[in-house]
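Q: My questions all concern the structure below.
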Protein chains: 2
Amino acid sequence: MPTLADLGEFEVIRRLTAARSLRGTGVIIGAGDDAAVLRPGAGRDLVVTADSFVEGRHYDARWMDAETAGRRLAIANLSDMAAMAAEPRWALHSCGARRDQSIEWLLAFERGLDRALGQHGAVLVGGNLTAVDGAAWSDLTLMGEVERGAAWTRSGARAGDRIAVTGWPGRAGAGFLLASRIGEAAREPRWRDVFHAWTTPASRVALARALAPLRAVTAAVDLSDGLAGDLAHLCAAGGVGAVLDAARWPEDQELAAAAEALGVPLETLRLGPSDDYELLLAIRPESFEACLDVARSLDVPLHAVGEIKPREAGVSWHGPTGTTPIVAGGFDHFGPGGRPIQE
Amino acid sequence: MPTLADLGEFEVIRRLTAARSLRGTGVIIGAGDDAAVLRPGAGRDLVVTADSFVEGRHYDARWMDAETAGRRLAIANLSDMAAMAAEPRWALHSCGARRDQSIEWLLAFERGLDRALGQHGAVLVGGNLTAVDGAAWSDLTLMGEVERGAAWTRSGARAGDRIAVTGWPGRAGAGFLLASRIGEAAREPRWRDVFHAWTTPASRVALARALAPLRAVTAAVDLSDGLAGDLAHLCAAGGVGAVLDAARWPEDQELAAAAEALGVPLETLRLGPSDDYELLLAIRPESFEACLDVARSLDVPLHAVGEIKPREAGVSWHGPTGTTPIVAGGFDHFGPGGRPIQE
């Protein structure tokens, strides 16, 4: 297996770009010139996001092979597209690679990126490659399009809106914690769903694109800090409060078992730091059933878990033992209070 | 001076984005949501590029303060926009920062980015911030626009076209070499132009935008690998050859003095690895004078240095002692032949 140093920069780039299929539309000039040239759709807005993964922090060879790590980075960016109801189109991958990395590793990482992007209609059109001495890193910029003025934002929620989540928030954090605490046992079939929620999360792009025409979603945020933290972002942006209702939360036996195995309350996993890449939506109450129908048709779990309240109500969690304020506890990369249990 | 760890991620991001002025047009939603929303101009193509700087490799506190380093990263990306004749619009800055870095350093780096981008009509609209243990790094993605179908590429040169360069290629590499070899003496006034060509290169965006309507440029590449390497790219892309003519090259006394001080032939500096961020252009011969007029009006040095030839002619350098083939010698980040004298 040749290393990147064996091959040299231009051969590495040649092999990376040779693996690309520009099956997407709108690419006038792809990799190989000073910049890529793309043709946006008429009358659409452009939606742009970037996310970075650092070796040993966001991915780890013990738990994710190169293709899985690349796929997860793509999902992180696709999740931002979903949160804006945007259609993914084009991506650039900038990579800081170690000289002793194998070309196979890098090609597999790029394949993971490319396949996950391709499944949602986006293609890699460029990027940058540089050598680093320490941990490798990858920065992915993803561009998408949305009908003009129709992007979802964090700020439109109004009192009375239903709060809904896709999937099973908390599972990704639980999968990460299990892997950290019990090691190889985290691969046992009983932890399959939480483990995969961490390593191979789903994308909610298709759901977002299907919901957008209903004009029922008033605010959206993706769950990348943890439910409490991201709900706090959405409430702050909209100038509203919220109450989550434990009684309405769908049963999640595997997450409950993980909470027990980890010795933490179930609510801590549900609300705390967790990179679920699920969607947190505020939905007009009269349109909620229509949204449920769309979700069912796509086989995406969508559950009402609470309600938007006036700002004065604050943000709280209503459980069997009463109502308690939610303290935002998302992940902070730098501290001081940041608990690095999950990114 | 508080460190990033003292402040925490969200406060760092708040301070970074507070420093931004969205004076550019077309930003519907800037930083603070899941993604930025931008409104491209009607009937224009999108041009996208990314470039990354690694601490200790692309910038070094001995020679560039934070604002200068940030400015230089912006110029690297702006140079790609110039090479496509694109108008810079929007940028995303992804940053891997050390926990012990000061907030002042990061704000100054971002100010350098922001000011250089702003001088060319572009604004920062988002990015990503993550913590790293080793060398810090920054990845900048820059988006621009160009009239539909009018982007310059590397591939359109035809035999008979003039080869022209902006500025004084080789100076940036000479500045870097002087700093490496003679240390503080590189700051002496006699090395002012080569030193600044390295630390604070010019942007050629204004020239490119002014030349574009003439439809005189048949191919373009920015000089970021070195003239020999980038000319080889342009010739390979266009299926042509080229001859550079030493007799037509403008006198550059400071570069000649640097060559003497460094003990290398002047041609080695002119042709070898050098991050000049100047433009190498192929120009229709009948339009060359008109291009010169535009360059003069903008006070940008533009010199004819050779001619595009048929592919069979190869790529060569015609000097006082005869004609010699040019061996492409751009910088290779990974080796094996890469000489890491300049990035």
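In the structure tokens, chains take the letters A, B, ... in the order shown, each chain's residues start at 1, and ligands count up from 1 in the order shown.
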Can you pull out every residue within 6 Å of stretch 39-56 of chain B, counting only C-alpha atoms, but drop anything in the same chain fewer than 4 positions away, and send it as a tab-separated table (two decimals) with N, CA and C atoms, in the first residue's frame?
A:
chain	number	residue	atom	x	y	z
A	35	ALA	N	-10.37	26.71	-10.15
A	35	ALA	CA	-11.59	26.67	-9.34
A	35	ALA	C	-12.63	25.89	-10.13
A	36	ALA	N	-13.68	25.47	-9.44
A	36	ALA	CA	-14.79	24.80	-10.11
A	36	ALA	C	-15.79	25.84	-10.59
A	37	VAL	N	-16.47	25.53	-11.70
A	37	VAL	CA	-17.52	26.42	-12.21
A	37	VAL	C	-18.84	25.65	-12.21
A	38	LEU	N	-19.84	26.23	-11.60
A	38	LEU	CA	-21.12	25.57	-11.37
A	38	LEU	C	-22.25	26.45	-11.87
A	39	ARG	N	-23.34	25.82	-12.27
A	39	ARG	CA	-24.46	26.61	-12.80
A	39	ARG	C	-25.68	26.44	-11.89
A	45	ASP	N	-32.14	30.11	-4.19
A	45	ASP	CA	-31.11	30.61	-3.29
A	45	ASP	C	-30.07	29.52	-3.08
A	46	LEU	N	-28.87	29.97	-2.76
A	46	LEU	CA	-27.75	29.08	-2.50
A	46	LEU	C	-27.65	28.88	-0.99
A	127	GLY	N	-11.47	21.04	-4.01
A	127	GLY	CA	-10.96	21.02	-2.64
A	127	GLY	C	-9.50	21.36	-2.60
A	128	ASN	N	-8.83	20.85	-1.61
A	128	ASN	CA	-7.43	21.18	-1.42
A	128	ASN	C	-6.77	20.02	-0.68
B	26	GLY	N	-26.44	40.15	-1.33
B	26	GLY	CA	-26.75	38.77	-1.65
B	26	GLY	C	-26.72	37.82	-0.47
B	60	ASP	N	4.06	31.61	9.73
B	60	ASP	CA	5.00	31.41	10.83
B	60	ASP	C	5.04	32.74	11.58
B	135	ALA	N	-0.67	21.46	15.26
B	135	ALA	CA	-0.62	22.74	14.57
B	135	ALA	C	-2.02	23.21	14.21
B	136	ALA	N	-2.23	24.52	14.37
B	136	ALA	CA	-3.50	25.10	13.96
B	136	ALA	C	-3.58	25.12	12.43
B	137	TRP	N	-4.78	25.18	11.90
B	137	TRP	CA	-4.96	25.27	10.46
B	137	TRP	C	-6.22	26.05	10.14
B	138	SER	N	-6.26	26.57	8.93
B	138	SER	CA	-7.43	27.30	8.44
B	138	SER	C	-7.71	26.88	7.02
B	139	ASP	N	-8.96	26.61	6.75
B	139	ASP	CA	-9.38	26.27	5.39
B	139	ASP	C	-10.42	27.31	4.95
B	140	LEU	N	-10.12	27.98	3.86
B	140	LEU	CA	-11.03	29.01	3.37
B	140	LEU	C	-11.65	28.56	2.06
B	141	THR	N	-12.97	28.57	2.01
B	141	THR	CA	-13.69	28.31	0.76
B	141	THR	C	-14.23	29.64	0.26
B	142	LEU	N	-13.94	29.94	-0.99
B	142	LEU	CA	-14.38	31.22	-1.56
B	142	LEU	C	-15.26	30.96	-2.77
B	143	MET	N	-16.40	31.62	-2.77
B	143	MET	CA	-17.34	31.52	-3.89
B	143	MET	C	-17.39	32.84	-4.62
B	144	GLY	N	-17.45	32.77	-5.92
B	144	GLY	CA	-17.57	33.97	-6.72
B	144	GLY	C	-18.54	33.74	-7.85
B	145	GLU	N	-18.71	34.75	-8.68
B	145	GLU	CA	-19.61	34.64	-9.81
B	145	GLU	C	-18.93	35.17	-11.06
B	146	VAL	N	-19.34	34.63	-12.18
B	146	VAL	CA	-18.82	35.08	-13.46
B	146	VAL	C	-19.97	35.04	-14.47
B	147	GLU	N	-19.92	35.91	-15.45
B	147	GLU	CA	-20.94	35.91	-16.48
B	147	GLU	C	-21.02	34.50	-17.09
B	148	ARG	N	-22.22	34.03	-17.35
B	148	ARG	CA	-22.42	32.64	-17.76
B	148	ARG	C	-21.52	32.24	-18.94
Q: For A:Arg158, list every protein, DNA or RNA residue within 9 Å, evaluated using only C-alpha atoms, and leave out those in the same chain fewer than 4 positions away; present the list as a PyMOL selection string.
A: chain A and resi 218-219+238-241+282+284+308-310
Q: So that I can see what lies close to B:Thr153, please list as a ChimeraX atom specification the residues with an atom at most 12 Å from it, counting only C-alpha atoms and leaving out residues fewer than 4 positions away in the same chain.
A: /A:28-37 /B:47,80-86,149,157,212,217-222,233-235,237-238,280-282
Q: Any idea what's packed within 12 Å of B:Val123, counting only C-alpha atoms, ignoring anything in its chain fewer than 5 positions away? Could you give it as a PyMOL selection string?
A: chain B and resi 17+19-27+30-31+36+38+74+87-93+110-111+113-118+140-144
Q: Here is a test: counting only C-alpha atoms, which residue of A:Ala259, A:Gly126, A:Val294, A:Gln253 is nearest to A:Leu214?
A: A:Val294
Q: List the spatial neighbours of B:Ser203 as number ranges by chain - criterion: any atom at most 8 Å away, only C-alpha atoms, same-chain residues fewer than 3 positions off excluded.
A: B: 75, 78-79, 82, 206, 277-278
Q: May I have the selected residues written with all heavy atoms, as a tab-separated table (two decimals), in the first residue's frame?
A:
chain	number	residue	atom	x	y	z
B	75	ILE	N	-5.75	36.07	-0.04
B	75	ILE	CA	-5.15	36.35	-1.36
B	75	ILE	C	-4.98	35.05	-2.15
B	75	ILE	O	-5.20	35.02	-3.37
B	75	ILE	CB	-3.80	37.07	-1.20
B	75	ILE	CG1	-4.01	38.46	-0.58
B	75	ILE	CG2	-3.07	37.17	-2.54
B	75	ILE	CD1	-4.73	39.46	-1.45
B	78	LEU	N	-8.37	34.42	-3.48
B	78	LEU	CA	-8.73	35.47	-4.44
B	78	LEU	C	-7.98	35.27	-5.75
B	78	LEU	O	-8.49	35.56	-6.83
B	78	LEU	CB	-8.42	36.85	-3.84
B	78	LEU	CG	-9.38	37.30	-2.73
B	78	LEU	CD1	-8.77	38.47	-1.94
B	78	LEU	CD2	-10.75	37.70	-3.31
B	79	SER	N	-6.76	34.74	-5.64
B	79	SER	CA	-5.96	34.50	-6.82
B	79	SER	C	-6.62	33.46	-7.74
B	79	SER	O	-6.58	33.58	-8.97
B	79	SER	CB	-4.57	34.03	-6.38
B	79	SER	OG	-3.74	33.82	-7.48
B	82	ALA	N	-9.33	35.26	-9.53
B	82	ALA	CA	-8.77	36.06	-10.63
B	82	ALA	C	-8.47	35.17	-11.83
B	82	ALA	O	-8.73	35.55	-12.97
B	82	ALA	CB	-7.50	36.78	-10.15
B	206	ALA	N	-8.94	42.63	-9.66
B	206	ALA	CA	-9.42	43.81	-10.40
B	206	ALA	C	-8.97	43.76	-11.85
B	206	ALA	O	-9.75	44.06	-12.77
B	206	ALA	CB	-8.93	45.08	-9.72
B	277	TYR	N	1.07	34.12	-6.50
B	277	TYR	CA	-0.34	34.52	-6.68
B	277	TYR	C	-0.48	35.57	-7.76
B	277	TYR	O	-1.36	36.45	-7.71
B	277	TYR	CB	-0.97	34.97	-5.36
B	277	TYR	CG	-0.89	33.88	-4.31
B	277	TYR	CD1	-0.32	34.10	-3.06
B	277	TYR	CD2	-1.37	32.60	-4.59
B	277	TYR	CE1	-0.23	33.09	-2.13
B	277	TYR	CE2	-1.28	31.59	-3.65
B	277	TYR	CZ	-0.71	31.84	-2.42
B	277	TYR	OH	-0.63	30.84	-1.49
B	278	GLU	N	0.42	35.51	-8.76
B	278	GLU	CA	0.29	36.33	-9.96
B	278	GLU	C	-0.46	35.53	-11.01
B	278	GLU	O	-0.74	34.34	-10.81
B	278	GLU	CB	1.68	36.73	-10.48
B	278	GLU	CG	2.48	37.59	-9.52
B	278	GLU	CD	1.94	39.03	-9.40
B	278	GLU	OE1	0.99	39.38	-10.12
B	278	GLU	OE2	2.49	39.78	-8.56
Q: What does the structure give for the distance between atom CA of A:Asp133 and atom CA of B:Val132, in Å to one decimal?
A: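 The value is 12.5 Å.
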Q: DSSP says strand (DSSP E or B) for which residues of stretch 33-228 of chain B? Put them as JSON, numbers by chain?
A: {"B": [33, 36, 37, 38, 44, 45, 46, 47, 48, 49, 50, 51, 52, 53, 54, 55, 59, 87, 88, 89, 90, 91, 92, 93, 94, 95, 96, 97, 98, 102, 123, 124, 125, 126, 127, 128, 129, 130, 131, 132, 137, 138, 139, 140, 141, 142, 143, 144, 145, 146, 147, 162, 163, 164, 165, 166, 217, 218, 219, 220, 221, 222, 223]}
Q: May I ask which of the residues A:Phe10, A:Trp105, A:Phe288, A:Phe176 is the closest one to chain B, counting only C-alpha atoms?
A: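 Of all the options, A:Phe10 lies closest to chain B.
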